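**Student:** Supplied structure: final_39.tsv, TSV, C-alpha atoms.
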```tsv
chain	number	residue	atom	x	y	z
A	228	MET	CA	54.47	-82.61	4.49
A	229	SER	CA	56.72	-85.61	5.02
A	230	ASP	CA	59.62	-83.92	3.20
A	231	SER	CA	59.37	-80.63	5.09
A	232	GLN	CA	59.34	-82.25	8.52
A	233	PRO	CA	62.89	-83.68	8.35
A	234	GLU	CA	64.14	-80.33	7.03
A	235	SER	CA	62.49	-78.57	9.97
A	236	THR	CA	64.04	-81.05	12.39
A	237	VAL	CA	67.51	-80.47	10.89
A	238	ALA	CA	67.04	-76.70	11.13
A	239	GLN	CA	65.98	-76.96	14.77
A	240	THR	CA	68.99	-79.15	15.53
A	241	ARG	CA	71.34	-76.61	13.93
A	242	LEU	CA	69.78	-73.77	15.89
A	243	ARG	CA	70.05	-75.76	19.10
A	244	ARG	CA	73.71	-76.53	18.43
A	245	ARG	CA	74.40	-72.86	17.79
A	246	GLY	CA	72.66	-71.99	21.04
A	247	ILE	CA	74.74	-74.52	22.97
A	248	TYR	CA	77.99	-73.23	21.49
A	249	LEU	CA	76.95	-69.70	22.42
A	250	LEU	CA	76.52	-70.65	26.08
A	251	PRO	CA	80.18	-71.00	27.17
A	252	ASN	CA	81.12	-67.90	25.15
A	253	LEU	CA	78.51	-65.93	27.10
A	254	PHE	CA	80.36	-66.80	30.31
A	255	THR	CA	83.62	-65.75	28.66
A	256	THR	CA	82.04	-62.47	27.59
A	257	ALA	CA	80.77	-61.90	31.13
A	258	ALA	CA	84.30	-62.49	32.46
A	259	LEU	CA	85.64	-60.03	29.89
A	260	PHE	CA	83.07	-57.47	30.97
A	261	ALA	CA	84.06	-57.94	34.62
A	262	GLY	CA	87.70	-57.26	33.70
A	263	PHE	CA	86.72	-54.17	31.69
A	264	TYR	CA	84.52	-53.00	34.57
A	265	ALA	CA	87.47	-53.41	36.95
A	266	ILE	CA	89.60	-51.15	34.71
A	267	VAL	CA	86.89	-48.48	34.57
A	268	GLN	CA	86.39	-48.55	38.34
A	269	ALA	CA	90.13	-48.30	38.97
A	270	MET	CA	90.33	-45.26	36.69
A	271	ASN	CA	87.50	-43.72	38.72
A	272	GLY	CA	89.19	-44.48	42.03
A	273	ASN	CA	86.69	-47.16	43.12
A	274	PHE	CA	89.34	-49.73	43.95
A	275	GLU	CA	87.14	-51.97	46.09
A	276	HIS	CA	84.68	-52.42	43.23
A	277	ALA	CA	87.60	-53.05	40.89
A	278	ALA	CA	89.04	-55.74	43.16
A	279	VAL	CA	85.69	-57.48	43.57
A	280	ALA	CA	85.23	-57.44	39.78
A	281	ILE	CA	88.49	-59.38	39.37
A	282	PHE	CA	87.19	-62.13	41.65
A	283	ILE	CA	83.90	-62.22	39.74
A	284	ALA	CA	85.86	-62.56	36.49
A	285	MET	CA	87.80	-65.44	38.01
A	286	VAL	CA	84.59	-67.30	38.91
A	287	LEU	CA	83.13	-66.75	35.44
A	288	ASP	CA	86.38	-67.85	33.82
A	289	GLY	CA	86.21	-71.11	35.73
A	290	LEU	CA	82.62	-71.68	34.67
A	291	ASP	CA	83.00	-71.21	30.91
A	292	GLY	CA	85.38	-74.15	30.54
A	293	ARG	CA	83.26	-76.42	32.71
A	294	VAL	CA	80.11	-75.47	30.81
A	295	ALA	CA	81.87	-76.20	27.51
A	296	ARG	CA	83.00	-79.62	28.73
A	297	MET	CA	79.61	-80.49	30.20
A	298	THR	CA	77.79	-79.57	26.99
A	299	HIS	CA	80.54	-80.95	24.72
A	300	THR	CA	80.94	-77.56	23.02
A	301	GLN	CA	84.72	-77.10	23.19
A	302	SER	CA	86.13	-75.29	20.17
A	303	GLU	CA	89.30	-73.58	19.04
A	304	PHE	CA	87.41	-70.30	18.83
A	305	GLY	CA	86.29	-70.66	22.44
A	306	ALA	CA	89.84	-71.39	23.59
A	307	GLU	CA	91.26	-68.36	21.77
A	308	TYR	CA	88.44	-66.12	22.97
A	309	ASP	CA	89.02	-67.30	26.53
A	310	SER	CA	92.71	-66.39	26.26
A	311	MET	CA	91.85	-62.88	25.03
A	312	SER	CA	89.41	-62.45	27.89
A	313	ASP	CA	91.99	-63.70	30.40
A	314	MET	CA	94.55	-61.21	29.11
A	315	VAL	CA	92.19	-58.34	29.85
A	316	SER	CA	90.76	-59.61	33.14
A	317	PHE	CA	93.90	-61.15	34.65
A	318	GLY	CA	96.67	-59.28	32.83
A	319	VAL	CA	95.77	-55.69	32.02
A	320	ALA	CA	93.15	-55.08	34.73
A	321	PRO	CA	95.23	-56.15	37.80
A	322	ALA	CA	98.28	-54.26	36.52
A	323	LEU	CA	96.26	-51.07	36.06
A	324	ILE	CA	94.48	-51.45	39.41
A	325	MET	CA	97.77	-51.84	41.27
A	326	TYR	CA	99.35	-48.96	39.36
A	327	GLU	CA	96.46	-46.59	40.06
A	328	TRP	CA	96.20	-47.66	43.69
A	329	ALA	CA	99.82	-47.79	44.85
A	330	LEU	CA	102.46	-47.59	42.12
A	331	ARG	CA	101.63	-44.29	40.43
A	332	GLU	CA	103.68	-42.17	42.87
A	333	MET	CA	106.76	-44.35	42.33
A	334	GLY	CA	107.23	-42.88	38.86
A	335	GLN	CA	108.94	-45.09	36.30
A	336	TRP	CA	109.48	-47.91	38.81
A	337	GLY	CA	105.74	-48.11	39.31
A	338	TRP	CA	104.72	-48.41	35.67
A	339	ILE	CA	107.67	-50.69	34.91
A	340	ALA	CA	106.51	-53.10	37.64
A	341	ALA	CA	102.94	-52.94	36.33
A	342	PHE	CA	104.12	-53.58	32.78
A	343	ILE	CA	106.28	-56.52	33.87
A	344	TYR	CA	103.22	-58.11	35.44
A	345	CYS	CA	101.15	-57.46	32.30
A	346	ALA	CA	103.85	-58.87	30.01
A	347	CYS	CA	104.30	-61.94	32.21
A	348	ALA	CA	100.55	-62.60	32.06
A	349	ALA	CA	100.70	-62.51	28.25
A	350	LEU	CA	103.70	-64.87	28.21
A	351	ARG	CA	102.00	-67.18	30.70
A	352	LEU	CA	98.86	-67.46	28.56
A	353	ALA	CA	100.86	-67.99	25.36
A	354	ARG	CA	102.95	-70.74	26.97
A	355	PHE	CA	99.85	-72.42	28.37
A	356	ASN	CA	98.20	-72.50	24.95
A	357	THR	CA	101.27	-74.00	23.28
A	358	ASN	CA	101.95	-76.59	26.00
A	359	ILE	CA	98.37	-77.58	26.75
A	360	ASN	CA	98.80	-81.10	25.29
A	361	VAL	CA	102.27	-81.89	26.65
A	362	ILE	CA	102.31	-80.82	30.29
A	363	ASP	CA	101.20	-82.81	33.33
A	364	LYS	CA	97.48	-82.11	33.78
A	365	ARG	CA	97.81	-82.38	37.56
A	366	PHE	CA	100.04	-79.31	37.80
A	367	PHE	CA	100.24	-75.90	36.19
A	368	GLN	CA	103.60	-74.69	34.96
A	369	GLY	CA	103.89	-71.39	36.77
A	370	LEU	CA	101.25	-69.53	38.72
A	371	PRO	CA	97.92	-69.43	36.81
A	372	SER	CA	96.98	-65.93	35.69
A	373	PRO	CA	93.61	-65.94	37.56
A	374	ALA	CA	95.40	-66.79	40.82
A	375	ALA	CA	98.00	-64.06	40.19
A	376	ALA	CA	95.24	-61.56	39.53
A	377	ALA	CA	93.41	-62.68	42.68
A	378	LEU	CA	96.59	-62.14	44.68
A	379	ILE	CA	96.85	-58.57	43.38
A	380	ALA	CA	93.15	-57.83	43.84
A	381	GLY	CA	93.14	-59.51	47.26
A	382	LEU	CA	95.98	-57.30	48.50
A	383	VAL	CA	94.15	-54.18	47.36
A	384	TRP	CA	90.86	-55.31	48.87
A	385	VAL	CA	92.25	-56.38	52.24
A	386	MET	CA	94.25	-53.17	52.64
A	387	LEU	CA	91.21	-51.08	51.80
A	388	ASP	CA	89.26	-53.10	54.36
A	389	PHE	CA	91.82	-52.14	57.02
A	390	GLN	CA	91.87	-48.54	55.73
A	391	VAL	CA	95.49	-48.68	54.57
A	392	SER	CA	96.25	-46.54	51.53
A	393	GLY	CA	98.30	-47.81	48.64
A	394	THR	CA	100.95	-45.14	49.01
A	395	ASP	CA	101.67	-46.33	52.56
A	396	ILE	CA	102.66	-49.79	51.32
A	397	LYS	CA	103.85	-48.93	47.81
A	398	TRP	CA	107.05	-50.97	48.16
A	399	LEU	CA	105.10	-54.00	49.36
A	400	ALA	CA	102.72	-53.52	46.45
A	401	LEU	CA	105.65	-53.38	44.02
A	402	ILE	CA	107.17	-56.57	45.48
A	403	VAL	CA	103.85	-58.45	45.34
A	404	THR	CA	103.26	-57.28	41.75
A	405	LEU	CA	106.70	-58.47	40.62
A	406	PHE	CA	106.35	-61.71	42.59
A	407	ALA	CA	103.00	-62.51	40.99
A	408	GLY	CA	104.22	-61.63	37.51
A	409	LEU	CA	107.53	-63.50	37.61
A	410	THR	CA	105.96	-66.54	39.27
A	411	MET	CA	103.54	-66.81	36.34
A	412	VAL	CA	106.42	-67.35	33.88
A	413	SER	CA	108.45	-69.59	36.20
A	414	ASN	CA	108.63	-73.38	36.07
A	415	ILE	CA	107.26	-73.68	39.60
A	416	PRO	CA	104.55	-76.40	39.73
A	417	PHE	CA	101.13	-75.47	41.08
A	418	TYR	CA	98.43	-78.03	41.78
A	419	SER	CA	95.68	-77.70	39.17
A	420	GLY	CA	92.88	-79.68	40.78
A	421	LYS	CA	91.78	-80.94	37.35
A	422	GLU	CA	91.81	-84.54	38.54
A	423	ILE	CA	89.00	-83.77	40.97
A	424	ASN	CA	85.75	-85.20	39.62
A	425	LEU	CA	82.68	-83.58	41.12
A	426	MET	CA	80.45	-86.30	39.63
A	427	ARG	CA	81.98	-88.99	41.82
A	428	ARG	CA	80.94	-89.81	45.33
A	429	VAL	CA	82.91	-88.00	48.02
A	430	PRO	CA	82.95	-88.41	51.81
A	431	PHE	CA	80.39	-86.45	53.80
A	432	VAL	CA	83.21	-84.69	55.66
A	433	THR	CA	84.47	-83.25	52.36
A	434	ILE	CA	81.04	-81.85	51.54
A	435	LEU	CA	80.76	-80.41	55.04
A	436	LEU	CA	84.15	-78.70	54.80
A	437	LEU	CA	83.28	-77.20	51.41
A	438	VAL	CA	79.96	-75.90	52.73
A	439	LEU	CA	81.65	-74.36	55.77
A	440	PHE	CA	84.32	-72.77	53.60
A	441	PHE	CA	82.03	-71.22	50.97
A	442	PHE	CA	79.03	-70.35	53.13
A	443	VAL	CA	80.60	-69.62	56.54
A	444	LEU	CA	84.30	-68.81	56.31
A	445	ILE	CA	84.34	-66.63	53.17
A	446	PRO	CA	81.20	-64.62	54.05
A	447	SER	CA	82.61	-63.96	57.54
A	448	HIS	CA	85.38	-61.74	56.14
A	449	PRO	CA	85.81	-62.04	52.36
A	450	PRO	CA	88.87	-59.76	51.88
A	451	VAL	CA	91.02	-61.49	54.48
A	452	VAL	CA	89.94	-65.03	53.66
A	453	LEU	CA	90.37	-64.66	49.90
A	454	PHE	CA	93.72	-62.90	50.17
A	455	CYS	CA	95.07	-65.54	52.58
A	456	LEU	CA	93.74	-68.30	50.32
A	457	PHE	CA	95.49	-67.06	47.19
A	458	ALA	CA	98.62	-65.98	49.02
A	459	GLY	CA	98.86	-69.51	50.38
A	460	TYR	CA	98.29	-70.95	46.91
A	461	ALA	CA	101.00	-68.68	45.45
A	462	LEU	CA	103.45	-69.99	48.05
A	463	SER	CA	102.33	-73.62	47.70
A	464	GLY	CA	104.15	-74.01	44.40
A	465	TYR	CA	107.46	-73.13	46.02
A	466	CYS	CA	106.74	-75.67	48.77
A	467	ILE	CA	106.08	-78.35	46.12
A	468	LYS	CA	109.30	-77.39	44.33
A	469	LEU	CA	111.29	-77.58	47.57
A	470	TRP	CA	109.72	-80.92	48.49
A	471	ARG	CA	110.59	-82.38	45.09
A	472	PHE	CA	114.15	-81.07	45.36
A	473	LEU	CA	114.67	-82.61	48.79
A	474	LYS	CA	113.05	-85.87	47.65
A	475	ASN	CA	115.30	-86.15	44.60
A	476	ARG	CA	118.34	-85.23	46.66
A	477	LYS	CA	117.56	-87.92	49.20
A	478	LYS	CA	116.96	-90.43	46.41
A	479	ASN	CA	120.29	-89.60	44.78
A	480	GLU	CA	122.11	-89.92	48.08
A	481	SER	CA	120.57	-93.34	48.73
A	482	THR	CA	121.59	-94.64	45.30
A	483	ALA	CA	125.12	-93.21	45.50
```
Please lay out the structure from this file as structure tokens.

**Tutor:**
Amino acid sequence: MSDSQPESTVAQTRLRRRGIYLLPNLFTTAALFAGFYAIVQAMNGNFEHAAVAIFIAMVLDGLDGRVARMTHTQSEFGAEYDSMSDMVSFGVAPALIMYEWALREMGQWGWIAAFIYCACAALRLARFNTNINVIDKRFFQGLPSPAAAALIAGLVWVMLDFQVSGTDIKWLALIVTLFAGLTMVSNIPFYSGKEINLMRRVPFVTILLLVLFFFVLIPSHPPVVLFCLFAGYALSGYCIKLWRFLKNRKKNESTA
């Protein structure tokens, strides 16, 4: 009896650890499913459902890493699996959605633009994985792939909301697709927000603004609010780059 009890305790601990490690991968799998669902809906012509699925994948992708850190279950397998999921949800799916919605009638220019975005997403993820321990944690190098995918999905969703067809703005769609793709592989800095600690005390005004944003502003008109949010974020990196350039230029002039 006394010998079997420790063995049972060890077995229960191992099962519990396996269950904990499974938890973040379940979120990753859900994000992967959302990306796959977006592809299927785009092929069926349900572009609004496809766009919404991209945003759902983005939320789930943000949760899997936080869950892994909170439960201390980070692993190399989880990181690689997350990258594969991101490639589908934020690389292949947005490119296919944009191609089916607006770029198909542009012939080779349409699928070339979609492929450039897809290839840039793959390069962005590969560079992130190789530079994860050497870059400044406060800033991303290039536009993050979830934000690029949200920009693509947001454009589709907001245009559908205003009953504008993709063929009517196919050149705008091509420009946005190339902009999102090339910005991912650029050296433009984008604020990561990783230094924000939700466990610390924050002012009441901050909590109030977050509540108003998530429970009042976004529900009021999700397509417009989300598209404007990610379009602003995509442009913020260029503003940071310009500010740094002007700051360094002024510093060099003062020391000259």

**Student:** Between A:Ala322, A:Leu437, A:Ala261, A:Val267, which residue has the minimum interatomic distance to A:Met285, considering only C-alpha atoms?

**Tutor:** A:Ala261

**Student:** Would you list the residues near (99.8, -70.9, 28.6) (no more than 12 Å away, in the coordinates of the file, using all atoms listed in the file) as JSON, numbers by chain?

**Tutor:** {"A": [306, 307, 309, 310, 311, 313, 314, 347, 348, 349, 350, 351, 352, 353, 354, 355, 356, 357, 358, 359, 360, 361, 362, 367, 368, 369, 370, 371, 372, 373, 411, 412, 413, 414]}

**Student:** Which residues, written as JSON, numbers by chain, have at least one atom at most 12 Å from A:Ala269, with all atoms listed in the file counted and residues fewer than 4 positions away on the same chain left out?

**Tutor:** {"A": [262, 263, 264, 265, 273, 274, 275, 276, 277, 278, 279, 280, 281, 319, 320, 321, 322, 323, 324, 325, 326, 327, 328, 329, 380, 383]}

**Student:** Just to confirm, what's the straight-line distance from atom CA of A:His299 to atom CA of A:Tyr418 in Å (one decimal)?

**Tutor:** 24.9 Å

**Student:** Set the distance at 8 Å and use all atoms listed in the file: which residues neighbour stretch 457-464 of chain A once local chain neighbours fewer than 4 positions away are removed? I'd like the list as a short mmCIF file (atom, residue, chain, number, x, y, z; two decimals) with C-alpha atoms, keeping the file's coordinate frame.

**Tutor:**
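Contents of around_36.cif, freshly written:
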```cif
data_model
loop_
_atom_site.label_atom_id
_atom_site.label_comp_id
_atom_site.auth_asym_id
_atom_site.auth_seq_id
_atom_site.Cartn_x
_atom_site.Cartn_y
_atom_site.Cartn_z
CA LEU A 370 101.25 -69.53 38.72
CA ALA A 374 95.40 -66.79 40.82
CA ALA A 375 98.00 -64.06 40.19
CA ALA A 377 93.41 -62.68 42.68
CA LEU A 378 96.59 -62.14 44.68
CA GLY A 381 93.14 -59.51 47.26
CA ALA A 407 103.00 -62.51 40.99
CA ILE A 415 107.26 -73.68 39.60
CA PRO A 416 104.55 -76.40 39.73
CA PHE A 417 101.13 -75.47 41.08
CA TYR A 418 98.43 -78.03 41.78
CA LEU A 453 90.37 -64.66 49.90
CA LYS A 468 109.30 -77.39 44.33
#
```

**Student:** Could you check how far atom CA of A:Val385 sits from atom CA of A:Leu435, in Å to one decimal?

**Tutor:**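 Computed distance, atom CA of A:Val385 to atom CA of A:Leu435, equals 26.8 Å.
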
**Student:** For a quick check of understanding, using only C-alpha atoms, which of A:Asn271, A:Leu253, A:Leu439, A:Phe317 has the smallest distance to A:Ala284?

**Tutor:** A:Phe317

**Student:** Specify the axis-aligned box that encloses all atoms of stretch 446-452 of chain A listed in the file after padding of 8 Å on each side, stating its centre and edge lengths in Å to one decimal as lines of an AutoDock Vina configuration file.

**Tutor:**
```
center_x = 86.1
center_y = -62.4
center_z = 54.7
size_x = 25.8
size_y = 21.3
size_z = 21.7
```

**Student:** Given all atoms listed in the file as the basis, pick out the residue of A:Leu444, A:Leu330, A:Ile266, A:Leu250 nearest to A:Arg296.

**Tutor:**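 Distance minimum relative to A:Arg296 lands on A:Leu250.
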